[in-house]
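**Student:** Here you go, one structure.
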Amino acid sequence: MEGLLHSSIKRRKKLYDSYQHPVYVWEKSGDDFILIYFNAAAIEEFSRKKIVKLLGTKASQLQTSMPQIVSELARCASDGISSSKKIQIQHDMGDKSNHFVVAYRALTPNLIEVQSKNHSYIKGNSEAQIEAIFSSANMQSILDAITESMLVVDEEGAILMCNQAATAALGKDIHHLRELQQNGKTLNSPLLAMLKANWLTFETALVSKKSIRFSDQYNGKYFDVNMVPIKQPGKLKHFVVIHARDISESKRIVEALKASKNQYRVLYEKNPTMYFSVNSDGIVLSVNPFGAEQLGYASDELVGESVLKLVHPEDRNLQKHYLIECAANSGQLCHWEFRKIKRDSTVMWVRETARSVADNYGNSIILIVCEDITDFKNAQQELLRITKAVQSTSDAILLTDRTGIGIYQNDAFFKLLGYCEENMNTRICTSEIFAEETISRQMEDAIRQGVSWNGIIQVKHRNGHTLPVSLRSDAIFDEAGKIIGFVHLFSDISEQIHARKEKQKLEKRYSEAEKLITIGHLAAAIAHELNNPLDIILSKLFLLQKSFFKDNQNPECWEHIVKIKQQIFRLSHLAKDVLGYAKPWSIALKPIDINRLANQVIDSLSDALTGKITIEKHLASDLPCIDGDAFGLELVIKNLLVNSLESVGMEGKIIFVSKIVQNSFIELQIIDNGRGISVKDREQIFEPFFTNKTKIGGTGLGLFICNKIVKQHSGNIEVVSEVNKGTSVTIRLPFK
């Protein structure tokens with residue numbers, strides 16, 4: 001049964017089992033009620049067999065033996081109003097009927113408590129007295145809810161009613177007490193002995209009709225007693241309500257507090273720590289003498305004043321917020337730091353630990369322990385200034401102990417070595433960052449002798465490469481002159497070294513350019529001087545050719561004249577190209593068959609081919625003519641083929657391809673499997689005077705001129721190459 005009990009009943013079960021009268025609990029079920037609980041006294045009132053049968057019975061089934069039970073239960077459940085009824089219940093215990101006073105009380109809207117008082121328990125009292133005692137069904141419940149002893153005593157001193165606390169203090173329930181009183185017996189109870197000892201006070205309360213309060217002790221127990229006389233309306237008899245509170249424990253605590261009062265006073269007043277207590281509005285309730293003295297005041301000067309009076313003006317709003325937050329979080333420790341102003345206007349930095357507690361009236365009191373941290377704050381500010389100065393420098397700084405293990409590094413140091421925020425707590429060892437072990441040992445030997453070391457060394461970057469830095473290292477000595485650590489100052493000079501190298505390169509290129517300019521001027525002058533003789537030779541060849549054509553003699557000589565004429569044209573154009581480097585010349589655009597031009601160039605190079613060098617041709621048959629300068633394009637194709645021949649060396653393969661792309665361009669490709677061009681050189685191959693043919697004496701003008709000619713034809717040239725695998729040069733020329 002206990003496992004099914006409602007939680008409200010479980011909480012009251014112990015109380016119910018202590019009652020000497022029956023208690024029942026009914027649960028609402030629709031318009032009816034079901035019996036779900038009865039206490040031990042109910043089993044004594046009925047036989048166990050009979051009462052167990054009633055468990056789970058509906059109230060409507062008991063209307064015959066318990067009149068109006070359903071209506072009273074329903075009324076109590078709906079209104080929440082307790083009531084009492086005097087009824088006669090017929091037991092299945094023969095023909096005997098028993099009279100009961102039944103009290104109804106709503107525990108919850110669905111649970112009704114029913115207590116019954118049998119006449120046979122109250123011997124010697126009239127029916128009117130029974131009605132008076134139980135006329136209010138709530139009375140016993142109210143008394144039982146009071147934790148101190150409550151008794152109702154008539155004029156003769158007979159105990160009419162008492163609560164559970166009084167029963168426990170007296171040692172018996174009220175019914176047994178009456179029996180003991182009637183038989184003249186005494187009871188070994190400090191409370192009862194105390195009441196008998198103060199019988200005169202009891203009579204005084206009856207006579208004076210005034211409440212009397214007193215304290216007394218008996219057998220080591222202390223009681224605080226309040227006697228209130230009450231007259232029943234319309235009746236001659238009076239009774240007294242006695243409220244007796246056992247204050248033995250309170251007395252013991254008070255005495256213990258008195259005994260330790262001086263000890264706590266000394267602890268509070270003589271302790272060299274500042275103590276304050278303030279209310280939630282920040283008004284000082286107390287301050288110990290030491291705390292007041294540290295601020296230049298006496299304790300009574302601060303009590304009643306606002307604690308914000310002692311706070312630096314710039315910190316008052318923040319301190320007010322701290323106090324409000326502390327008061328709102330009662331019981332929790334709070335910590336804060338701020339500035340206080342002493343009486344002499346000097347500033348005191350303090351750290352306070354506070355906790356909010358409630359006084360006897362529920363008001364919030366904030367207890368504060370205050371610590372002077374002025375020296376600490378000044379040192380902290382000085383350290384912060386030094387740290388900011390060290391952190392703001394662009395030079396990397398490393399402090400190590402005497403073994404070379406890092407104990408401090410600034411941000412510039414981590415940045416120099418490539419560390420990120422996650423590595424800021426990494427302990428660096430100098431042996432791990434110095435790339436040159438020999439210089440590292442020389443530096444360490446020098447600074448251990450107290451000599452500063454300056455020099456340029458290589459340090460290891462986090463990703464594995466090395467960096468050149470300018471380093472200054474010094475030893476740190478203690479007061480006894482013993483080395484306790486080292487300080488290293490690093491300056492990154494990689495950009496300076498790079499700039500120096502670039503400057504050297506530029507100076508070298510400038511020197512070469514000056515030489516080439518001189519050579520160029522000389523070549524231009526020579527080319528200019530060649531033009532006149534070449535023009536004369538050409539004019540004479542025309543005459544000679546005309547003569548041979550007229551006479552139609554010696555065809556072999558005619559063929560030689562044609563070849564000489566072609567070569568002289570080439571020399572003339574070459575001279576013109578050299579002159580065009582310094583001063584652009586105009587090109588003559590004519591329809592050109594690219595395939596025919598390519599075949600002529602390849603045939604002219606046939607004498608340069610060895611048995612192990614081959615040139616494959618893949619020429620598109622449907623290639624249209626383009627408008628261009630034949631000599632210029634011939635020069636481009638020949639230059640590129642000569643470059644490929646030089647690249648493949650004594651053995652290799654060259655492929656020449658022509659095709660149409662995008663229906664708008666003729667694309668020429670010259671592909672070889674030679675030594676290739678490095679990435680670094682590819683960025684400069686179209687610059688004038690740049691050459692990687694240092695062994696065979698290149699001028700650095702070939703690709704520069706090729707690129708210039710292709711652009712004059714509104715085309716573009718691209719180079720793709722990989723070292724030791726070959727090169728592919730692609731030219732695109734537009735056609736209409």
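Going through the structure tokens in order, the chains are called A, B, and so on, while each chain numbers its residues from 1 and the ligands are numbered from 1 in the order shown.
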Quick one: everything within 8 Å of A:Tyr37, counting only C-alpha atoms, minus sequence neighbours fewer than 3 positions away in the same chain. Send it as a JSON list (two decimals) with C-alpha atoms, in the first residue's frame.
**Tutor:**
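Generated output (result30.json):
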```json
[["chain", "number", "residue", "atom", "x", "y", "z"],
["A", 5, "LEU", "CA", 0.56, 6.41, -1.55],
["A", 24, "TYR", "CA", -8.35, 8.39, 7.11],
["A", 25, "VAL", "CA", -7.54, 9.87, 3.68],
["A", 26, "TRP", "CA", -10.09, 9.84, 0.86],
["A", 55, "LEU", "CA", -9.47, 0.05, 1.77]]
```
**Student:** Could you pull the residues within 7 Å of stretch 284-289 of chain A, counting only C-alpha atoms, minus those fewer than 6 positions along the same chain, as number ranges by chain?
**Tutor:** A: 268-269, 274-278, 298-299, 302-307
**Student:** Keeping only C-alpha atoms, take the residues you just selected and write them out as a compact mmCIF listing (two decimals), in the first residue's frame.
**Tutor:**
```txt
# COMPACT_ATOMS: atom_id res chain seq x y z
CA TYR A 268 38.10 42.20 14.25
CA GLU A 269 39.59 45.26 15.90
CA MET A 274 40.78 46.27 6.56
CA TYR A 275 37.21 45.07 7.26
CA PHE A 276 34.06 46.87 6.16
CA SER A 277 30.37 46.07 6.21
CA VAL A 278 27.93 48.09 4.12
CA ALA A 298 38.55 57.08 12.84
CA SER A 299 35.93 54.32 12.68
CA LEU A 302 33.08 56.53 8.44
CA VAL A 303 30.07 54.74 9.93
CA GLY A 304 26.88 56.09 8.36
CA GLU A 305 28.74 57.59 5.40
CA SER A 306 28.56 56.35 1.81
CA VAL A 307 31.42 54.01 0.98
```
**Student:** Each residue of stretch 630-714 of chain A with at least one atom at most 8 Å from stretch 593-600 of chain A should appear once, together with its nearest atom pair and the corresponding distance in Å (one decimal); atoms considered: only C-alpha atoms; ordering: chain, then increasing residue number; output as JSON lines.
**Tutor:**
```
{"residue": "A:Ala630", "atom": "CA", "partner": "A:Leu597", "partner_atom": "CA", "distance": 7.7}
{"residue": "A:Glu634", "atom": "CA", "partner": "A:Leu597", "partner_atom": "CA", "distance": 6.6}
{"residue": "A:Ile637", "atom": "CA", "partner": "A:Ala598", "partner_atom": "CA", "distance": 7.0}
{"residue": "A:Ser658", "atom": "CA", "partner": "A:Asn595", "partner_atom": "CA", "distance": 7.5}
```
**Student:** Excluding same-chain residues fewer than 5 positions from stretch 221-231 of chain A, what lies within 12 Å of it counting only C-alpha atoms, as an MDAnalysis selection string?
**Tutor:** chainID A and resid 148:155 169 189:195 198:216 236:252
**Student:** Residues of the last selection are to be written out with N, CA and C atoms, as a short mmCIF file (atom, residue, chain, number, x, y, z; two decimals), in the first residue's frame.
**Tutor:**
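Here's the written file again_26.cif:
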```
data_model
loop_
_atom_site.label_atom_id
_atom_site.label_comp_id
_atom_site.auth_asym_id
_atom_site.auth_seq_id
_atom_site.Cartn_x
_atom_site.Cartn_y
_atom_site.Cartn_z
N GLU A 148 6.65 24.85 18.44
CA GLU A 148 6.82 24.95 19.90
C GLU A 148 5.62 24.32 20.61
N SER A 149 5.77 24.04 21.90
CA SER A 149 4.71 23.38 22.69
C SER A 149 3.54 24.33 22.90
N MET A 150 2.31 23.85 22.59
CA MET A 150 1.06 24.60 22.79
C MET A 150 0.12 23.73 23.62
N LEU A 151 -0.42 24.32 24.74
CA LEU A 151 -1.36 23.59 25.61
C LEU A 151 -2.56 24.47 25.90
N VAL A 152 -3.75 23.84 26.04
CA VAL A 152 -4.97 24.53 26.50
C VAL A 152 -5.32 23.91 27.85
N VAL A 153 -5.32 24.74 28.92
CA VAL A 153 -5.51 24.26 30.30
C VAL A 153 -6.70 24.97 30.91
N ASP A 154 -7.58 24.19 31.62
CA ASP A 154 -8.73 24.85 32.25
C ASP A 154 -8.34 25.40 33.61
N GLU A 155 -9.35 25.93 34.35
CA GLU A 155 -9.08 26.61 35.61
C GLU A 155 -8.50 25.67 36.66
N ALA A 169 7.22 16.90 24.42
CA ALA A 169 7.90 17.50 25.57
C ALA A 169 7.39 16.92 26.89
N SER A 189 8.74 15.06 33.65
CA SER A 189 8.85 15.92 32.47
C SER A 189 9.29 17.30 32.90
N PRO A 190 10.40 17.82 32.41
CA PRO A 190 10.85 19.17 32.78
C PRO A 190 9.80 20.22 32.50
N LEU A 191 9.07 20.08 31.36
CA LEU A 191 8.06 21.08 31.02
C LEU A 191 6.94 21.06 32.04
N LEU A 192 6.41 19.86 32.37
CA LEU A 192 5.31 19.76 33.33
C LEU A 192 5.76 20.21 34.71
N ALA A 193 6.98 19.85 35.09
CA ALA A 193 7.52 20.28 36.39
C ALA A 193 7.64 21.79 36.44
N MET A 194 8.06 22.41 35.33
CA MET A 194 8.20 23.85 35.29
C MET A 194 6.84 24.53 35.40
N LEU A 195 5.81 23.96 34.74
CA LEU A 195 4.47 24.54 34.82
C LEU A 195 3.90 24.44 36.24
N ASN A 198 5.37 26.96 38.49
CA ASN A 198 4.90 28.33 38.25
C ASN A 198 3.37 28.40 38.28
N TRP A 199 2.78 27.58 39.14
CA TRP A 199 1.31 27.57 39.25
C TRP A 199 0.77 28.92 39.69
N LEU A 200 1.51 29.60 40.56
CA LEU A 200 1.08 30.92 41.03
C LEU A 200 0.99 31.88 39.85
N THR A 201 1.92 31.79 38.94
CA THR A 201 1.89 32.65 37.74
C THR A 201 0.69 32.32 36.89
N PHE A 202 0.33 31.02 36.83
CA PHE A 202 -0.84 30.58 36.08
C PHE A 202 -2.11 31.19 36.68
N GLU A 203 -2.23 31.16 38.01
CA GLU A 203 -3.41 31.73 38.67
C GLU A 203 -3.45 33.24 38.49
N THR A 204 -2.29 33.88 38.52
CA THR A 204 -2.25 35.33 38.32
C THR A 204 -2.79 35.68 36.94
N ALA A 205 -2.45 34.88 35.94
CA ALA A 205 -2.94 35.14 34.58
C ALA A 205 -4.45 35.00 34.52
N LEU A 206 -5.01 34.00 35.25
CA LEU A 206 -6.46 33.80 35.26
C LEU A 206 -7.17 34.98 35.93
N VAL A 207 -6.59 35.42 37.05
CA VAL A 207 -7.24 36.49 37.82
C VAL A 207 -7.12 37.83 37.11
N SER A 208 -5.91 38.13 36.61
CA SER A 208 -5.68 39.45 36.01
C SER A 208 -6.24 39.56 34.60
N LYS A 209 -6.56 38.38 34.01
CA LYS A 209 -7.04 38.34 32.62
C LYS A 209 -6.03 38.96 31.65
N LYS A 210 -4.73 38.95 32.02
CA LYS A 210 -3.68 39.52 31.18
C LYS A 210 -2.65 38.45 30.83
N SER A 211 -2.06 38.63 29.67
CA SER A 211 -1.01 37.71 29.25
C SER A 211 0.22 37.92 30.12
N ILE A 212 0.86 36.80 30.47
CA ILE A 212 2.08 36.86 31.28
C ILE A 212 3.15 36.05 30.58
N ARG A 213 4.35 36.66 30.50
CA ARG A 213 5.47 35.98 29.84
C ARG A 213 6.63 35.88 30.83
N PHE A 214 7.27 34.72 30.90
CA PHE A 214 8.40 34.56 31.80
C PHE A 214 9.30 33.45 31.26
N SER A 215 10.50 33.39 31.81
CA SER A 215 11.46 32.34 31.46
C SER A 215 11.88 31.62 32.73
N ASP A 216 12.07 30.32 32.63
CA ASP A 216 12.47 29.54 33.79
C ASP A 216 13.19 28.30 33.30
N LEU A 236 -19.03 30.46 32.20
CA LEU A 236 -18.32 30.93 33.39
C LEU A 236 -16.89 30.43 33.44
N LYS A 237 -16.67 29.26 32.87
CA LYS A 237 -15.34 28.69 32.95
C LYS A 237 -14.37 29.41 32.02
N HIS A 238 -13.09 29.50 32.46
CA HIS A 238 -12.03 30.09 31.66
C HIS A 238 -10.95 29.04 31.41
N PHE A 239 -10.16 29.28 30.42
CA PHE A 239 -9.01 28.42 30.23
C PHE A 239 -7.83 29.28 29.75
N VAL A 240 -6.66 28.70 29.82
CA VAL A 240 -5.43 29.44 29.50
C VAL A 240 -4.70 28.70 28.37
N VAL A 241 -4.30 29.47 27.36
CA VAL A 241 -3.46 28.93 26.28
C VAL A 241 -2.01 29.19 26.66
N ILE A 242 -1.25 28.10 26.74
CA ILE A 242 0.16 28.20 27.15
C ILE A 242 1.06 27.90 25.95
N HIS A 243 1.93 28.86 25.66
CA HIS A 243 2.93 28.69 24.60
C HIS A 243 4.29 28.56 25.28
N ALA A 244 4.84 27.36 25.25
CA ALA A 244 6.12 27.11 25.92
C ALA A 244 7.18 26.79 24.87
N ARG A 245 8.23 27.58 24.83
CA ARG A 245 9.29 27.40 23.84
C ARG A 245 10.57 26.96 24.53
N ASP A 246 11.08 25.82 24.12
CA ASP A 246 12.33 25.31 24.68
C ASP A 246 13.48 26.14 24.12
N ILE A 247 14.12 26.91 25.01
CA ILE A 247 15.21 27.79 24.56
C ILE A 247 16.55 27.30 25.09
N SER A 248 16.62 26.01 25.43
CA SER A 248 17.87 25.48 25.99
C SER A 248 19.03 25.63 24.99
N GLU A 249 18.78 25.28 23.72
CA GLU A 249 19.84 25.38 22.72
C GLU A 249 20.21 26.84 22.46
N SER A 250 19.17 27.71 22.44
CA SER A 250 19.44 29.13 22.24
C SER A 250 20.28 29.68 23.39
N LYS A 251 19.95 29.23 24.64
CA LYS A 251 20.73 29.67 25.80
C LYS A 251 22.19 29.23 25.67
N ARG A 252 22.36 27.99 25.23
CA ARG A 252 23.72 27.48 25.08
C ARG A 252 24.50 28.28 24.03
#
```
**Student:** Excluding A:Ile457 and any residue of its chain fewer than 2 positions from it, enumerate the residues within 10 Å of it, using only C-alpha atoms, and give them as a PyMOL selection string.
**Tutor:** chain A and resi 434-436+439-440+454-455+459+466-471+490
**Student:** For the residues in the current selection, export N, CA, C and O atoms as a short mmCIF file (atom, residue, chain, number, x, y, z; two decimals), in the first residue's frame.
**Tutor:**
```cif
data_model
loop_
_atom_site.label_atom_id
_atom_site.label_comp_id
_atom_site.auth_asym_id
_atom_site.auth_seq_id
_atom_site.Cartn_x
_atom_site.Cartn_y
_atom_site.Cartn_z
N PHE A 434 69.97 28.81 -33.79
CA PHE A 434 71.20 29.23 -34.45
C PHE A 434 71.63 28.15 -35.44
O PHE A 434 71.91 27.01 -35.07
N ALA A 435 71.68 28.53 -36.74
CA ALA A 435 71.97 27.55 -37.79
C ALA A 435 73.45 27.19 -37.86
O ALA A 435 73.81 26.09 -38.27
N GLU A 436 74.32 28.11 -37.46
CA GLU A 436 75.76 27.88 -37.57
C GLU A 436 76.33 27.55 -36.20
O GLU A 436 76.45 28.42 -35.33
N ILE A 439 79.74 29.49 -35.07
CA ILE A 439 79.53 30.88 -34.64
C ILE A 439 78.77 30.91 -33.32
O ILE A 439 79.03 31.74 -32.46
N SER A 440 77.84 29.97 -33.14
CA SER A 440 77.08 29.90 -31.90
C SER A 440 78.00 29.69 -30.71
O SER A 440 77.85 30.32 -29.66
N ASN A 454 78.68 40.93 -31.44
CA ASN A 454 77.95 41.49 -32.57
C ASN A 454 78.36 40.75 -33.83
O ASN A 454 79.55 40.45 -34.01
N GLY A 455 77.40 40.48 -34.67
CA GLY A 455 77.74 39.83 -35.92
C GLY A 455 76.50 39.48 -36.72
O GLY A 455 75.37 39.72 -36.30
N VAL A 459 69.69 32.23 -38.76
CA VAL A 459 68.80 31.59 -37.79
C VAL A 459 67.79 30.74 -38.54
O VAL A 459 67.47 30.99 -39.71
N THR A 466 66.53 29.24 -43.63
CA THR A 466 67.32 30.07 -42.74
C THR A 466 67.17 31.54 -43.12
O THR A 466 66.85 31.88 -44.26
N LEU A 467 67.39 32.41 -42.11
CA LEU A 467 67.29 33.85 -42.30
C LEU A 467 68.59 34.51 -41.86
O LEU A 467 69.13 34.16 -40.80
N PRO A 468 69.07 35.49 -42.61
CA PRO A 468 70.24 36.25 -42.14
C PRO A 468 69.79 37.34 -41.18
O PRO A 468 68.84 38.08 -41.46
N VAL A 469 70.43 37.43 -40.04
CA VAL A 469 70.08 38.45 -39.05
C VAL A 469 71.35 39.08 -38.51
O VAL A 469 72.42 38.47 -38.47
N SER A 470 71.19 40.33 -38.08
CA SER A 470 72.25 41.00 -37.34
C SER A 470 71.96 40.77 -35.86
O SER A 470 70.85 41.08 -35.39
N LEU A 471 72.92 40.23 -35.12
CA LEU A 471 72.68 39.81 -33.73
C LEU A 471 73.63 40.53 -32.78
O LEU A 471 74.83 40.67 -33.04
N PHE A 490 67.81 40.62 -32.21
CA PHE A 490 67.91 40.20 -33.61
C PHE A 490 67.33 41.29 -34.52
O PHE A 490 66.25 41.84 -34.22
#
```
**Student:** Grab the atom CA of A:Leu703 to atom CA of A:Ile685 distance for me, in Å with one decimal place.
**Tutor:**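 We find that atom CA of A:Leu703 and atom CA of A:Ile685 lie 6.8 Å from each other.
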**Student:** If we count only C-alpha atoms, what is near A:Asp359 at a cut-off of 12 Å, once residues fewer than 5 positions away on the same chain are taken out, given as an MDAnalysis selection string?
**Tutor:** chainID A and resid 277:280 330 364:367
**Student:** Take the residues from that selection and put them in a file with N, CA and C atoms, as a PDB file, in the first residue's frame.
**Tutor:**
```pdb
ATOM      1  N   SER A 277      31.696  46.621   6.519  1.00  0.00           N
ATOM      2  CA  SER A 277      30.370  46.071   6.214  1.00  0.00           C
ATOM      3  C   SER A 277      29.500  47.233   5.775  1.00  0.00           C
ATOM      4  N   VAL A 278      28.788  47.040   4.657  1.00  0.00           N
ATOM      5  CA  VAL A 278      27.926  48.094   4.116  1.00  0.00           C
ATOM      6  C   VAL A 278      26.581  47.481   3.775  1.00  0.00           C
ATOM      7  N   ASN A 279      25.556  48.336   3.702  1.00  0.00           N
ATOM      8  CA  ASN A 279      24.254  47.829   3.267  1.00  0.00           C
ATOM      9  C   ASN A 279      24.175  47.884   1.744  1.00  0.00           C
ATOM     10  N   SER A 280      23.024  47.510   1.211  1.00  0.00           N
ATOM     11  CA  SER A 280      22.892  47.432  -0.248  1.00  0.00           C
ATOM     12  C   SER A 280      22.966  48.795  -0.920  1.00  0.00           C
ATOM     13  N   SER A 330      23.535  36.817  -3.495  1.00  0.00           N
ATOM     14  CA  SER A 330      23.769  36.550  -2.076  1.00  0.00           C
ATOM     15  C   SER A 330      24.512  35.230  -1.881  1.00  0.00           C
ATOM     16  N   SER A 364      19.954  42.960   3.130  1.00  0.00           N
ATOM     17  CA  SER A 364      21.251  42.557   2.588  1.00  0.00           C
ATOM     18  C   SER A 364      22.371  43.353   3.239  1.00  0.00           C
ATOM     19  N   ILE A 365      23.394  42.636   3.727  1.00  0.00           N
ATOM     20  CA  ILE A 365      24.604  43.258   4.271  1.00  0.00           C
ATOM     21  C   ILE A 365      25.787  42.702   3.490  1.00  0.00           C
ATOM     22  N   ILE A 366      26.664  43.584   3.023  1.00  0.00           N
ATOM     23  CA  ILE A 366      27.832  43.167   2.249  1.00  0.00           C
ATOM     24  C   ILE A 366      29.055  43.238   3.148  1.00  0.00           C
ATOM     25  N   LEU A 367      29.687  42.089   3.370  1.00  0.00           N
ATOM     26  CA  LEU A 367      30.894  41.996   4.188  1.00  0.00           C
ATOM     27  C   LEU A 367      32.100  42.084   3.260  1.00  0.00           C
TER      28      LEU A 367
END
```
**Student:** When distances are computed from only C-alpha atoms, which of A:Ala412, A:Ile660, A:Val487, A:Ile613 shows the smallest separation from A:Leu399?
**Tutor:**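 Once distances to A:Leu399 are computed over only C-alpha atoms, the minimum belongs to A:Val487.
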**Student:** Taking only stretch 419-498 of chain A into account, list the residues labelled alpha helix (DSSP H) by DSSP (computed from the backbone), as a ChimeraX atom specification.
**Tutor:** /A:430-433,437-448,494-498
**Student:** Go ahead and compute the interatomic distance for atom CA of A:Phe704 and atom CA of A:Leu619, in Å to one decimal.
**Tutor:** 26.1 Å
